[in-house]
Amino acid sequence: MCRVSDLRQKEVINIKDGSRLGYVDDVEFEVASGQIIAIIIYGQSRFFGLFGKCDDYIIPWCDIEKIGEDTVLVCFNIPQKQISAKRTGFFASLFK
């Protein structure tokens, strides 16, 4: 038996690449049936929050492989960001 408050203390590890994703911050569930749909891990802030934060991870319940005593193992494909190759503006010529 596990409560939602117990999930918040567990670290989430991706078994595809062995990376630590963080701790469970929130849970998404369906109100009508009461089933958990996904767990949410908020992105880390960058430089004391001055430069925003990283993207949040929303991991569907079907991607959770095992919930252990201290960790949650997931099999999750982390979306890759598209890096724009074309730079415009005044400083674009300086960073070629």
# chains A, B, ... in the order shown; residues from 1 in each chain; ligands from 1

call {"tool": "residues_around", "arguments": {"residues": "range 29-35 of chain A", "least_positions_apart": "4", "cutoff": "12 Å", "atoms": "only C-alpha atoms", "output": "CSV table (one decimal) with C-alpha atoms, in the first residue's frame"}}
result
chain,number,residue,atom,x,y,z
A,4,VAL,CA,0.5,9.9,-2.7
A,39,ILE,CA,3.3,11.3,-12.2
A,40,ILE,CA,4.9,14.8,-12.7
A,60,PRO,CA,2.4,8.1,-17.9
A,61,TRP,CA,1.5,5.5,-15.3
A,62,CYS,CA,2.0,2.7,-18.0

call {"tool": "residues_around", "arguments": {"residues": "Lys66 in chain A", "least_positions_apart": "6", "cutoff": "12 Å", "atoms": "only C-alpha atoms", "output": "PyMOL selection string"}}
result
chain A and resi 10-15+72-75

call {"tool": "write_last_selection", "arguments": {"atoms": "N, CA and C atoms", "output": "PDB file, in the first residue's frame"}}
result
ATOM      1  N   LYS A  10       9.975   9.667  -3.041  1.00  0.00           N
ATOM      2  CA  LYS A  10      10.712   8.677  -3.812  1.00  0.00           C
ATOM      3  C   LYS A  10      11.407   9.326  -5.015  1.00  0.00           C
ATOM      4  N   GLU A  11      12.643   8.882  -5.256  1.00  0.00           N
ATOM      5  CA  GLU A  11      13.410   9.382  -6.392  1.00  0.00           C
ATOM      6  C   GLU A  11      13.045   8.577  -7.636  1.00  0.00           C
ATOM      7  N   VAL A  12      12.946   9.261  -8.773  1.00  0.00           N
ATOM      8  CA  VAL A  12      12.573   8.616 -10.028  1.00  0.00           C
ATOM      9  C   VAL A  12      13.824   8.413 -10.872  1.00  0.00           C
ATOM     10  N   ILE A  13      14.040   7.164 -11.312  1.00  0.00           N
ATOM     11  CA  ILE A  13      15.207   6.811 -12.114  1.00  0.00           C
ATOM     12  C   ILE A  13      14.723   6.174 -13.410  1.00  0.00           C
ATOM     13  N   ASN A  14      15.288   6.650 -14.514  1.00  0.00           N
ATOM     14  CA  ASN A  14      14.952   6.129 -15.830  1.00  0.00           C
ATOM     15  C   ASN A  14      15.843   4.924 -16.120  1.00  0.00           C
ATOM     16  N   ILE A  15      15.245   3.763 -16.359  1.00  0.00           N
ATOM     17  CA  ILE A  15      16.045   2.559 -16.582  1.00  0.00           C
ATOM     18  C   ILE A  15      16.594   2.476 -18.006  1.00  0.00           C
ATOM     19  N   VAL A  72      11.460   5.006  -7.695  1.00  0.00           N
ATOM     20  CA  VAL A  72      10.479   4.619  -8.702  1.00  0.00           C
ATOM     21  C   VAL A  72      11.257   4.425  -9.996  1.00  0.00           C
ATOM     22  N   LEU A  73      11.185   3.225 -10.564  1.00  0.00           N
ATOM     23  CA  LEU A  73      11.880   2.939 -11.814  1.00  0.00           C
ATOM     24  C   LEU A  73      10.905   3.115 -12.966  1.00  0.00           C
ATOM     25  N   VAL A  74      11.304   3.917 -13.958  1.00  0.00           N
ATOM     26  CA  VAL A  74      10.459   4.175 -15.111  1.00  0.00           C
ATOM     27  C   VAL A  74      11.214   3.842 -16.388  1.00  0.00           C
ATOM     28  N   CYS A  75      10.486   3.512 -17.414  1.00  0.00           N
ATOM     29  CA  CYS A  75      11.038   3.283 -18.750  1.00  0.00           C
ATOM     30  C   CYS A  75      10.442   4.383 -19.621  1.00  0.00           C
TER      31      CYS A  75
END

call {"tool": "closest_residue", "arguments": {"among": "A:Ala38, A:Cys2, A:Arg20, A:Pro79", "to": "Ile64 in chain A", "atoms": "only C-alpha atoms"}}
result
A:Ala38

call {"tool": "atom_distance", "arguments": {"atom1": "CA of Arg8 in chain A", "atom2": "CA of Val24 in chain A"}}
result
4.7 Å
